[in-house]
$ cat entry01.txt   # compact mmCIF, C-alpha atoms
# COMPACT_ATOMS: atom_id res chain seq x y z
CA MET A 1 146.33 87.19 34.45
CA PHE A 2 145.71 85.57 37.83
CA SER A 3 149.30 86.26 38.82
CA SER A 4 148.91 89.99 38.17
CA VAL A 5 145.64 90.08 40.11
CA TRP A 6 147.27 88.29 43.05
CA ASN A 7 150.20 90.70 43.00
CA PHE A 8 147.76 93.65 42.99
CA ILE A 9 145.92 92.22 46.01
CA LYS A 10 149.18 91.66 47.92
CA ARG A 11 150.30 95.22 47.22
CA HIS A 12 146.96 96.68 48.50
CA LYS A 13 146.22 94.07 51.19
CA ARG A 14 145.95 96.61 54.04
CA LYS A 15 143.51 98.74 52.09
CA PHE A 16 141.31 95.74 51.41
CA ILE A 17 141.38 94.70 55.07
CA PHE A 18 140.50 98.24 56.23
CA THR A 19 137.75 98.60 53.61
CA GLY A 20 136.25 95.23 54.56
CA ALA A 21 136.35 96.04 58.22
CA PHE A 22 134.81 99.43 57.57
CA ILE A 23 132.00 98.01 55.43
CA GLY A 24 131.34 95.29 58.03
CA GLY A 25 131.28 97.85 60.82
CA VAL A 26 128.89 100.06 58.92
CA TYR A 27 126.64 97.06 58.29
CA PHE A 28 126.47 96.05 61.95
CA LEU A 29 126.16 99.69 63.06
CA GLY A 30 123.23 100.06 60.66
CA LYS A 31 121.61 96.94 62.06
CA TYR A 32 122.11 98.22 65.62
CA ALA A 33 120.68 101.63 64.68
CA GLN A 34 117.68 99.97 63.05
CA LYS A 35 117.03 97.95 66.20
CA LYS A 36 117.36 101.03 68.43
CA ILE A 37 115.07 103.06 66.17
CA GLY A 38 112.60 100.19 66.22
CA ASP A 39 112.75 100.04 70.01
CA ILE A 40 112.23 103.81 70.27
CA GLN A 41 109.33 103.72 67.83
CA GLU A 42 107.76 100.83 69.71
CA LYS A 43 108.17 102.68 73.02
CA GLU A 44 106.71 105.86 71.54
CA ALA A 45 103.79 103.91 70.11
CA THR A 46 103.17 102.25 73.48
CA GLU A 47 103.32 105.58 75.27
CA TYR A 48 101.02 107.15 72.69
CA ILE A 49 98.46 104.36 73.08
CA ALA A 50 98.67 104.61 76.88
CA GLN A 51 98.25 108.39 76.72
CA ALA A 52 95.30 108.09 74.33
CA ARG A 53 93.73 105.47 76.60
CA ARG A 54 94.21 107.67 79.63
CA GLN A 55 92.79 110.70 77.78
CA PHE A 56 89.72 108.68 76.76
CA HIS A 57 89.25 107.49 80.34
CA PHE A 58 89.62 111.06 81.63
CA GLU A 59 87.02 112.43 79.20
CA SER A 60 84.63 109.62 80.11
CA ASN A 61 85.20 110.47 83.77
CA GLN A 62 84.26 114.12 83.12
CA ARG A 63 80.98 113.07 81.48
CA THR A 64 80.25 111.01 84.57
CA PHE A 65 81.04 114.08 86.66
CA ASN A 66 78.56 116.26 84.75
CA MET A 67 75.77 113.72 85.21
CA THR A 68 76.63 113.28 88.89
CA VAL A 69 76.45 117.03 89.56
CA LEU A 70 73.04 117.30 87.89
CA SER A 71 71.76 114.35 89.91
CA MET A 72 72.98 115.92 93.17
CA LEU A 73 71.32 119.32 92.65
CA PRO A 74 67.73 118.24 93.53
CA PRO A 75 68.71 116.85 96.98
CA LEU A 76 70.84 119.97 97.55
CA LYS A 77 67.91 122.22 96.68
CA GLU A 78 65.59 120.17 98.91
CA ALA A 79 68.01 120.42 101.83
CA ILE A 80 68.21 124.22 101.44
CA ILE A 81 64.45 124.72 101.11
CA ASN A 82 63.69 122.44 104.06
CA GLN A 83 65.83 124.53 106.38
CA LEU A 84 65.09 127.92 104.81
CA ASN A 85 61.40 127.55 104.10
CA SER A 86 60.13 130.81 102.62
CA GLU A 87 57.04 129.14 101.16
CA SER A 88 55.44 128.88 104.59
CA LEU A 89 56.02 132.60 105.12
CA THR A 90 54.50 133.61 101.78
CA ALA A 91 51.50 131.41 102.54
CA LEU A 92 51.19 133.10 105.94
CA LEU A 93 51.28 136.56 104.35
CA LYS A 94 48.29 135.66 102.21
CA THR A 95 46.25 135.28 105.40
CA LYS A 96 47.02 138.94 106.32
CA PRO A 97 48.37 138.22 109.81
CA ALA A 98 48.56 140.88 112.49
CA ASN A 99 52.38 140.63 112.53
CA LYS A 100 52.62 141.17 108.77
CA LEU A 101 55.70 143.42 108.99
CA GLU A 102 57.56 140.89 111.13
CA VAL A 103 56.79 138.10 108.66
CA TRP A 104 58.04 140.30 105.81
CA GLU A 105 61.28 140.90 107.70
CA ASP A 106 61.76 137.15 108.17
CA LEU A 107 60.99 136.57 104.50
CA LYS A 108 63.60 139.19 103.52
CA ILE A 109 66.36 137.46 105.45
CA ILE A 110 65.41 133.92 104.39
CA SER A 111 64.99 134.80 100.70
CA PHE A 112 68.43 136.36 100.43
CA THR A 113 70.03 133.70 102.63
CA ARG A 114 68.78 130.69 100.70
CA THR A 115 69.71 132.12 97.31
CA ILE A 116 73.21 133.05 98.49
CA VAL A 117 73.59 129.66 100.17
CA GLY A 118 72.46 128.14 96.86
CA VAL A 119 75.29 129.88 95.00
CA TYR A 120 77.90 128.87 97.58
CA SER A 121 76.78 125.26 97.95
CA THR A 122 76.39 124.65 94.21
CA CYS A 123 79.89 125.99 93.54
CA MET A 124 81.23 123.86 96.41
CA LEU A 125 79.43 120.78 95.08
CA VAL A 126 80.94 121.27 91.62
CA VAL A 127 84.54 121.70 92.76
CA LEU A 128 84.37 119.00 95.46
CA LEU A 129 82.97 116.40 93.07
CA ARG A 130 85.62 117.43 90.52
CA VAL A 131 88.29 116.54 93.05
CA GLN A 132 86.68 113.34 94.33
CA LEU A 133 85.74 111.83 90.99
CA ASN A 134 89.15 112.59 89.48
CA ILE A 135 90.97 111.07 92.44
CA ILE A 136 88.83 107.95 92.10
CA GLY A 137 89.12 108.11 88.30
CA GLY A 138 92.91 108.23 88.49
CA TYR A 139 93.05 105.21 90.79
CA LEU A 140 90.58 103.29 88.62
CA TYR A 141 92.76 103.94 85.59
CA LEU A 142 95.74 102.45 87.43
CA ASP A 143 93.64 99.50 88.63
CA ASN A 144 92.60 98.74 85.06
CA SER A 145 96.02 99.30 83.51
CA VAL A 146 97.82 96.44 81.81
CA GLY A 147 100.09 94.65 84.25
CA LYS A 148 98.28 95.91 87.35
CA SER A 149 97.59 93.09 89.77
CA ALA A 150 93.86 92.57 90.29
CA MET A 151 94.61 91.31 93.81
CA THR A 152 95.55 94.76 95.14
CA PRO A 153 93.11 97.36 93.76
CA LEU A 154 93.78 100.92 94.81
CA ALA A 155 90.07 101.75 94.90
CA PRO A 156 87.81 98.73 95.54
CA PRO A 157 84.06 99.26 94.90
CA ASP A 158 83.10 99.41 98.59
CA VAL A 159 85.83 101.98 99.23
CA GLN A 160 84.58 104.07 96.29
CA GLN A 161 81.05 104.04 97.70
CA GLN A 162 82.10 104.96 101.21
CA TYR A 163 84.52 107.63 100.02
CA LEU A 164 81.97 109.33 97.76
CA SER A 165 79.36 109.21 100.52
CA SER A 166 81.44 111.83 102.35
CA ILE A 167 79.61 114.37 100.15
CA GLN A 168 76.85 114.06 102.75
CA HIS A 169 78.80 116.45 104.97
CA LEU A 170 78.16 119.23 102.43
CA LEU A 171 74.47 118.30 102.33
CA GLY A 172 74.24 117.97 106.10
CA ASP A 173 76.33 119.55 108.85
CA GLY A 174 78.41 121.61 106.44
CA LEU A 175 75.32 123.07 104.77
CA THR A 176 73.67 123.85 108.11
CA GLU A 177 76.75 125.70 109.34
CA LEU A 178 77.04 127.55 106.02
CA MET A 179 73.41 128.69 106.38
CA THR A 180 74.14 130.02 109.85
CA VAL A 181 77.14 132.03 108.66
CA VAL A 182 75.37 133.40 105.56
CA LYS A 183 72.20 134.26 107.48
CA ARG A 184 74.22 136.24 110.01
CA ALA A 185 75.94 138.16 107.21
CA VAL A 186 72.60 138.87 105.49
CA GLN A 187 71.15 140.08 108.78
CA ASN A 188 74.10 142.42 109.29
CA SER A 189 73.79 143.81 105.78
CA LEU A 190 70.02 144.00 105.21
CA GLY A 191 68.51 143.63 108.66
CA GLY A 192 68.06 147.35 109.23
CA MET A 193 67.00 148.18 105.67
CA SER A 194 63.40 149.28 105.16
CA LEU A 195 61.20 147.26 102.82
CA LYS A 196 60.35 150.53 101.09
CA GLN A 197 63.96 151.43 100.34
CA SER A 198 64.78 151.24 96.64
CA LEU A 199 67.91 149.59 95.34
CA SER A 200 69.47 149.67 91.88
CA LEU A 201 71.21 146.63 90.49
CA LEU A 202 74.54 148.30 91.28
CA GLU A 203 73.49 148.83 94.91
CA LEU A 204 72.24 145.26 95.12
CA GLU A 205 75.60 144.05 93.80
CA GLN A 206 77.31 146.07 96.54
CA GLN A 207 75.12 144.43 99.19
CA LEU A 208 76.03 140.98 97.87
CA SER A 209 79.74 141.93 97.92
CA TRP A 210 79.50 142.97 101.58
CA ILE A 211 77.76 139.71 102.46
CA ARG A 212 80.41 137.69 100.59
CA ALA A 213 83.22 139.55 102.34
CA GLU A 214 81.81 138.67 105.75
CA VAL A 215 81.20 135.02 104.83
CA GLU A 216 84.58 134.44 103.18
CA ALA A 217 86.88 136.64 105.25
CA GLY A 218 85.03 137.10 108.51
CA SER A 219 84.38 133.43 109.31
CA GLU A 220 86.63 131.45 111.62
CA ARG A 221 86.51 128.48 109.26
CA PRO A 222 87.81 128.23 105.69
CA LEU A 223 85.23 127.51 103.01
CA SER A 224 86.68 124.02 102.56
CA TRP A 225 85.37 123.07 106.02
CA TYR A 226 81.78 123.14 104.73
CA MET A 227 82.70 120.55 102.09
CA LEU A 228 84.62 117.98 104.10
CA ALA A 229 84.94 117.64 107.85
CA ASP A 230 88.54 118.15 108.98
CA ASP A 231 88.23 116.41 112.32
CA GLU A 232 90.13 113.11 112.37
CA ASN A 233 87.38 111.40 114.36
CA THR A 234 84.80 112.54 111.82
CA LEU A 235 86.92 111.18 109.00
CA ALA A 236 87.11 107.89 110.84
CA ASP A 237 83.32 107.91 111.30
CA GLN A 238 82.89 108.48 107.58
CA ALA A 239 84.93 105.34 106.97
CA CYS A 240 82.92 103.18 109.37
CA GLY A 241 81.24 100.03 108.16
CA LEU A 242 84.36 98.78 106.40
CA THR A 243 86.91 96.24 107.56
CA GLU A 244 90.26 95.87 105.83
CA ASN A 245 89.50 98.85 103.59
CA ASP A 246 89.23 101.38 106.43
CA ALA A 247 92.76 102.61 105.90
CA VAL A 248 92.19 103.01 102.15
CA THR A 249 89.09 105.15 102.69
CA ILE A 250 90.84 107.28 105.31
CA ARG A 251 93.76 107.77 102.91
CA LEU A 252 91.41 108.94 100.14
CA LEU A 253 89.69 111.37 102.50
CA ASN A 254 93.03 112.75 103.70
CA GLU A 255 94.24 113.14 100.10
CA THR A 256 91.03 115.02 99.36
CA ARG A 257 91.57 117.25 102.39
CA ASP A 258 95.10 118.03 101.15
CA MET A 259 93.65 119.03 97.78
CA LEU A 260 90.97 121.22 99.39
CA ASP A 261 93.60 122.99 101.49
CA SER A 262 95.85 123.73 98.49
CA PRO A 263 96.18 127.29 97.09
CA ASP A 264 95.15 126.04 93.63
CA PHE A 265 91.85 124.74 94.98
CA GLY A 266 91.20 128.05 96.73
CA THR A 267 91.78 129.88 93.46
CA VAL A 268 89.45 127.56 91.54
CA LEU A 269 86.70 127.84 94.16
CA SER A 270 87.03 131.63 94.14
CA THR A 271 86.73 131.62 90.34
CA CYS A 272 83.56 129.53 90.56
CA LEU A 273 82.05 131.82 93.20
CA ASN A 274 82.82 134.94 91.17
CA ARG A 275 81.22 133.36 88.13
CA GLY A 276 78.24 132.13 90.16
CA PHE A 277 77.45 135.51 91.70
CA SER A 278 78.01 137.20 88.33
CA ARG A 279 75.46 134.85 86.76
CA LEU A 280 73.06 135.55 89.64
CA LEU A 281 73.31 139.28 88.93
CA ASP A 282 72.74 138.60 85.22
CA ASN A 283 69.53 136.79 86.14
CA LEU A 284 68.43 139.62 88.43
CA ALA A 285 69.22 142.22 85.74
CA GLU A 286 66.26 140.97 83.72
CA PHE A 287 63.99 142.54 86.36
CA PHE A 288 65.84 145.88 86.37
CA ARG A 289 65.27 146.83 82.75
CA PRO A 290 64.09 150.40 82.09
CA PRO A 291 60.51 150.76 80.83
CA PRO A 292 60.03 150.85 77.03
CA GLY A 293 60.35 154.31 75.54
CA ASP A 294 62.67 155.69 78.23
CA SER A 295 65.54 157.26 76.27
CA SER A 296 67.38 159.11 79.04
CA PRO A 297 71.16 158.38 79.22
CA GLU A 298 70.95 156.93 82.72
CA SER A 299 68.29 154.46 81.57
CA ALA A 300 70.53 152.77 79.00
CA PRO A 301 70.03 148.97 79.07
CA ASP A 302 73.62 148.38 80.18
CA SER A 303 73.45 150.86 83.06
CA LEU A 304 73.53 149.19 86.48
CA SER A 305 71.79 152.16 88.05
CA ALA A 306 69.11 152.58 85.38
CA VAL A 307 66.24 151.19 87.46
CA SER A 308 65.67 150.97 91.19
CA LEU A 309 63.15 148.65 92.84
CA PRO A 310 61.77 148.71 96.39
CA LEU A 311 63.28 145.98 98.54
CA ALA A 312 59.78 144.51 98.98
CA LYS A 313 59.70 143.81 95.22
CA ILE A 314 63.26 142.47 95.12
CA ILE A 315 62.53 139.87 97.83
CA PRO A 316 60.27 137.58 95.72
CA ILE A 317 62.67 137.93 92.76
CA MET A 318 65.60 136.87 94.93
CA ASN A 319 63.54 134.14 96.57
CA GLY A 320 62.81 132.44 93.25
CA GLN A 321 66.46 132.29 92.11
CA ILE A 322 67.03 129.05 94.03
CA ASN A 323 65.04 127.23 91.31
CA THR A 324 67.51 128.39 88.66
CA ILE A 325 70.65 127.90 90.71
CA CYS A 326 69.87 124.34 91.82
CA SER A 327 68.12 123.27 88.63
CA GLU A 328 68.49 119.61 87.66
CA THR A 329 68.18 120.66 84.01
CA PRO A 330 71.36 122.33 82.67
CA SER A 331 70.69 126.03 83.31
CA HIS A 332 73.09 128.81 82.33
CA PHE A 333 74.15 129.02 85.96
CA VAL A 334 75.16 125.35 86.17
CA GLN A 335 76.62 125.28 82.66
CA ASP A 336 78.92 128.18 83.52
CA LEU A 337 80.35 126.16 86.40
CA LEU A 338 80.62 122.86 84.53
CA MET A 339 82.32 124.42 81.48
CA ASN A 340 84.67 126.78 83.30
CA ASP A 341 88.15 126.35 81.76
CA GLN A 342 90.03 126.91 85.01
CA VAL A 343 87.96 124.25 86.78
CA LYS A 344 88.49 121.80 83.91
CA GLU A 345 92.25 122.42 83.95
CA PHE A 346 92.35 121.83 87.70
CA ALA A 347 90.42 118.58 87.22
CA ALA A 348 92.94 117.46 84.59
CA ASN A 349 95.82 118.13 86.99
CA VAL A 350 94.13 116.13 89.76
CA TYR A 351 93.52 113.22 87.40
CA GLU A 352 97.09 113.39 86.09
CA THR A 353 98.43 113.23 89.64
CA PHE A 354 96.41 110.21 90.70
CA SER A 355 96.59 108.27 87.41
CA THR A 356 100.40 108.31 87.35
CA PRO A 357 102.10 105.28 88.96
CA GLN A 358 103.83 106.25 92.19
CA GLU A 359 107.21 105.05 91.00
CA LEU A 360 107.05 107.59 88.16
CA GLN A 361 106.30 110.42 90.60
CA LYS A 362 109.44 109.82 92.66
$ encode --input "entry01.txt" --output "structure tokens"
Amino acid sequence: MFSSVWNFIKRHKRKFIFTGAFIGGVYFLGKYAQKKIGDIQEKEATEYIAQARRQFHFESNQRTFNMTVLSMLPPLKEAIINQLNSESLTALLKTKPANKLEVWEDLKIISFTRTIVGVYSTCMLVVLLRVQLNIIGGYLYLDNSVGKSAMTPLAPPDVQQQYLSSIQHLLGDGLTELMTVVKRAVQNSLGGMSLKQSLSLLELEQQLSWIRAEVEAGSERPLSWYMLADDENTLADQACGLTENDAVTIRLLNETRDMLDSPDFGTVLSTCLNRGFSRLLDNLAEFFRPPPGDSSPESAPDSLSAVSLPLAKIIPIMNGQINTICSETPSHFVQDLLMNDQVKEFAANVYETFSTPQELQK
């Protein structure tokens, strides 16, 4: 029996050798494939965890942004009212001064100017803080990432404080210059208009469009100038008070300037301004409703020319809009800006750029 088995093996020796080699190869190939699949799965799991961690950090950063904007609106409103003080003029009118008409003319220009400045500056505050907090947020994510050396932080606390303090340009020199430009445009548009002249909401919208055109297209400076000084010496001054971190702060400010000068930023700011002025007109529309019982076609509630008001009556309405625009409680005006999808997408792109290690961007 054993002899016949041995003879069978000798006759088919090559087949046995090939089959054994094949089975062994398949076994080791399977082991290799299992290891590779395990490595891939481990890498995918690591990347998924990192992405989830970054997404969580980004969302937390956006909540911080919302609270920061709301906290900045009261000082912005105060800065506007201090320089465009209509309250003193309304108080003066109550005393029936001899130059009553002149005071009314001043009140007309200041009321429109401060509300329009409120729209511009609030939109600028929202988009500028979006950029700044997502640049800082991206660097903080990298600083806190696993494997990142704590000895070389990209955004040390004192640098963060000094960098974010550059917002004072918008609340200071930038705001003052913006007021000058807007006031000149308001004067050109409404200066010669009689207080008795009536305007419909459609005509008021046209006046605002003319003012916007002069501010945005007729100015020698881009709108980004009002948000962050572009002079190198000014940037250096904004970084004063630091020692070895001067260069880091200057770099952050220059990166911010690059963002503000980008076409994408211009598009986002324009979107915010369009939404802001649209919301302003929605607020004003409440005062242009036709009287109850008026059933004529031109007095339909959705007609922009349904009701006309004398300019003298529009002035106090416009004057009071600053309280809604720069409200520290989430008004519809502010919510529209905070929740705008295009602004949120831009913020995500900024964060993505600055939270990605430089070696991965090359």
$ residues_around --input "entry01.txt" --residues "region 81-93 of chain A" --least-positions-apart "3" --cutoff "9 Å" --atoms "only C-alpha atoms" --output "VMD selection string"
chain A and resid 76 to 78 96 to 97 100 103 to 104 106 to 107 110 to 111 113 to 114 176 179 319 322
$ residues_around --input "entry01.txt" --residues "region 138-143 of chain A" --least-positions-apart "5" --cutoff "7 Å" --atoms "only C-alpha atoms" --output "ChimeraX atom specification"
/A:148,153-155,351,354-355
$ atom_distance --input "entry01.txt" --atom1 "CA of Val186 (chain A)" --atom2 "CA of Gly118 (chain A)"
13.8 Å
$ atom_distance --input "entry01.txt" --atom1 "CA of Leu223 (chain A)" --atom2 "CA of Phe265 (chain A)"
10.8 Å
$ closest_residue --input "entry01.txt" --among "A:His332, A:His169, A:Lys344, A:Arg251" --to "Arg130 (chain A)" --atoms "all atoms listed in the file"
A:Lys344
$ residues_around --input "entry01.txt" --residues "region 205-221 of chain A" --least-positions-apart "2" --cutoff "7 Å" --atoms "only C-alpha atoms" --output "PDB file with C-alpha atoms, in the coordinates of the input"
ATOM      1  CA  VAL A 181      77.140 132.030 108.660  1.00  0.00           C
ATOM      2  CA  VAL A 182      75.370 133.400 105.560  1.00  0.00           C
ATOM      3  CA  ALA A 185      75.940 138.160 107.210  1.00  0.00           C
ATOM      4  CA  VAL A 186      72.600 138.870 105.490  1.00  0.00           C
ATOM      5  CA  SER A 189      73.790 143.810 105.780  1.00  0.00           C
ATOM      6  CA  LEU A 201      71.210 146.630  90.490  1.00  0.00           C
ATOM      7  CA  LEU A 202      74.540 148.300  91.280  1.00  0.00           C
ATOM      8  CA  GLU A 203      73.490 148.830  94.910  1.00  0.00           C
ATOM      9  CA  LEU A 223      85.230 127.510 103.010  1.00  0.00           C
ATOM     10  CA  TRP A 225      85.370 123.070 106.020  1.00  0.00           C
TER      11      TRP A 225
END
$ closest_residue --input "entry01.txt" --among "A:Leu170, A:Val131, A:Leu73, A:Ile250" --to "Phe346 (chain A)" --atoms "all atoms listed in the file"
A:Val131
$ residues_near_point --input "entry01.txt" --point "(87.1, 103.0, 95.9)" --cutoff "12 Å" --atoms "all atoms listed in the file" --output "ChimeraX atom specification"
/A:132-141,143,152-165,239,242,245-253
$ write_last_selection --input "entry01.txt" --atoms "C-alpha atoms" --output "compact mmCIF listing (two decimals), in the frame of the given file"
# COMPACT_ATOMS: atom_id res chain seq x y z
CA GLN A 132 86.68 113.34 94.33
CA LEU A 133 85.74 111.83 90.99
CA ASN A 134 89.15 112.59 89.48
CA ILE A 135 90.97 111.07 92.44
CA ILE A 136 88.83 107.95 92.10
CA GLY A 137 89.12 108.11 88.30
CA GLY A 138 92.91 108.23 88.49
CA TYR A 139 93.05 105.21 90.79
CA LEU A 140 90.58 103.29 88.62
CA TYR A 141 92.76 103.94 85.59
CA ASP A 143 93.64 99.50 88.63
CA THR A 152 95.55 94.76 95.14
CA PRO A 153 93.11 97.36 93.76
CA LEU A 154 93.78 100.92 94.81
CA ALA A 155 90.07 101.75 94.90
CA PRO A 156 87.81 98.73 95.54
CA PRO A 157 84.06 99.26 94.90
CA ASP A 158 83.10 99.41 98.59
CA VAL A 159 85.83 101.98 99.23
CA GLN A 160 84.58 104.07 96.29
CA GLN A 161 81.05 104.04 97.70
CA GLN A 162 82.10 104.96 101.21
CA TYR A 163 84.52 107.63 100.02
CA LEU A 164 81.97 109.33 97.76
CA SER A 165 79.36 109.21 100.52
CA ALA A 239 84.93 105.34 106.97
CA LEU A 242 84.36 98.78 106.40
CA ASN A 245 89.50 98.85 103.59
CA ASP A 246 89.23 101.38 106.43
CA ALA A 247 92.76 102.61 105.90
CA VAL A 248 92.19 103.01 102.15
CA THR A 249 89.09 105.15 102.69
CA ILE A 250 90.84 107.28 105.31
CA ARG A 251 93.76 107.77 102.91
CA LEU A 252 91.41 108.94 100.14
CA LEU A 253 89.69 111.37 102.50
$ decode --input "entry01.txt" --residues "region 162-170 of chain A" --atoms "all heavy atoms" --output "CSV table (one decimal), in the first residue's frame"
chain,number,residue,atom,x,y,z
A,162,GLN,N,-2.9,91.0,20.8
A,162,GLN,CA,-2.4,92.2,20.0
A,162,GLN,C,-3.0,92.1,18.6
A,162,GLN,O,-3.4,93.2,18.1
A,162,GLN,CB,-0.9,92.2,19.9
A,162,GLN,CG,-0.3,93.4,19.3
A,162,GLN,CD,-0.6,94.7,20.2
A,162,GLN,OE1,-0.8,94.6,21.4
A,162,GLN,NE2,-0.7,95.8,19.6
A,163,TYR,N,-3.1,91.0,18.0
A,163,TYR,CA,-3.6,90.8,16.7
A,163,TYR,C,-5.1,91.2,16.6
A,163,TYR,O,-5.6,92.0,15.8
A,163,TYR,CB,-3.4,89.4,16.2
A,163,TYR,CG,-4.2,89.0,14.9
A,163,TYR,CD1,-4.0,89.6,13.7
A,163,TYR,CD2,-5.2,88.0,15.0
A,163,TYR,CE1,-4.7,89.3,12.6
A,163,TYR,CE2,-5.9,87.7,13.9
A,163,TYR,CZ,-5.7,88.3,12.7
A,163,TYR,OH,-6.4,88.0,11.5
A,164,LEU,N,-5.9,90.7,17.6
A,164,LEU,CA,-7.3,91.0,17.6
A,164,LEU,C,-7.6,92.4,18.0
A,164,LEU,O,-8.7,93.0,17.6
A,164,LEU,CB,-8.0,90.0,18.5
A,164,LEU,CG,-8.0,88.5,18.1
A,164,LEU,CD1,-8.7,87.7,19.2
A,164,LEU,CD2,-8.8,88.4,16.8
A,165,SER,N,-6.7,93.1,18.6
A,165,SER,CA,-6.9,94.5,19.0
A,165,SER,C,-6.8,95.4,17.8
A,165,SER,O,-7.2,96.6,17.8
A,165,SER,CB,-5.8,94.9,20.0
A,165,SER,OG,-4.5,95.0,19.4
A,166,SER,N,-6.4,94.9,16.6
A,166,SER,CA,-6.4,95.7,15.4
A,166,SER,C,-7.8,96.0,14.9
A,166,SER,O,-7.9,96.9,14.1
A,166,SER,CB,-5.6,94.9,14.3
A,166,SER,OG,-6.3,93.7,13.9
A,167,ILE,N,-8.8,95.4,15.5
A,167,ILE,CA,-10.2,95.8,15.2
A,167,ILE,C,-10.5,97.2,15.6
A,167,ILE,O,-11.4,97.8,15.1
A,167,ILE,CB,-11.2,94.8,16.0
A,167,ILE,CG1,-12.6,94.9,15.4
A,167,ILE,CG2,-11.2,95.1,17.4
A,167,ILE,CD1,-12.7,94.2,14.1
A,168,GLN,N,-9.6,97.8,16.4
A,168,GLN,CA,-9.8,99.2,16.9
A,168,GLN,C,-9.7,100.2,15.7
A,168,GLN,O,-10.2,101.3,15.8
A,168,GLN,CB,-8.8,99.5,18.0
A,168,GLN,CG,-9.0,98.8,19.3
A,168,GLN,CD,-10.4,99.0,19.9
A,168,GLN,OE1,-10.9,100.1,19.9
A,168,GLN,NE2,-11.0,97.9,20.3
A,169,HIS,N,-9.0,99.8,14.6
A,169,HIS,CA,-9.0,100.6,13.5
A,169,HIS,C,-10.4,100.9,12.9
A,169,HIS,O,-10.7,102.0,12.5
A,169,HIS,CB,-8.1,100.0,12.4
A,169,HIS,CG,-8.0,100.9,11.1
A,169,HIS,ND1,-7.3,102.0,11.0
A,169,HIS,CD2,-8.7,100.7,9.9
A,169,HIS,CE1,-7.4,102.5,9.8
A,169,HIS,NE2,-8.3,101.8,9.1
A,170,LEU,N,-11.2,99.8,12.9
A,170,LEU,CA,-12.6,99.9,12.4
A,170,LEU,C,-13.4,100.8,13.3
A,170,LEU,O,-14.3,101.5,12.9
A,170,LEU,CB,-13.2,98.5,12.2
A,170,LEU,CG,-14.7,98.5,11.8
A,170,LEU,CD1,-14.9,99.2,10.5
A,170,LEU,CD2,-15.2,97.0,11.7
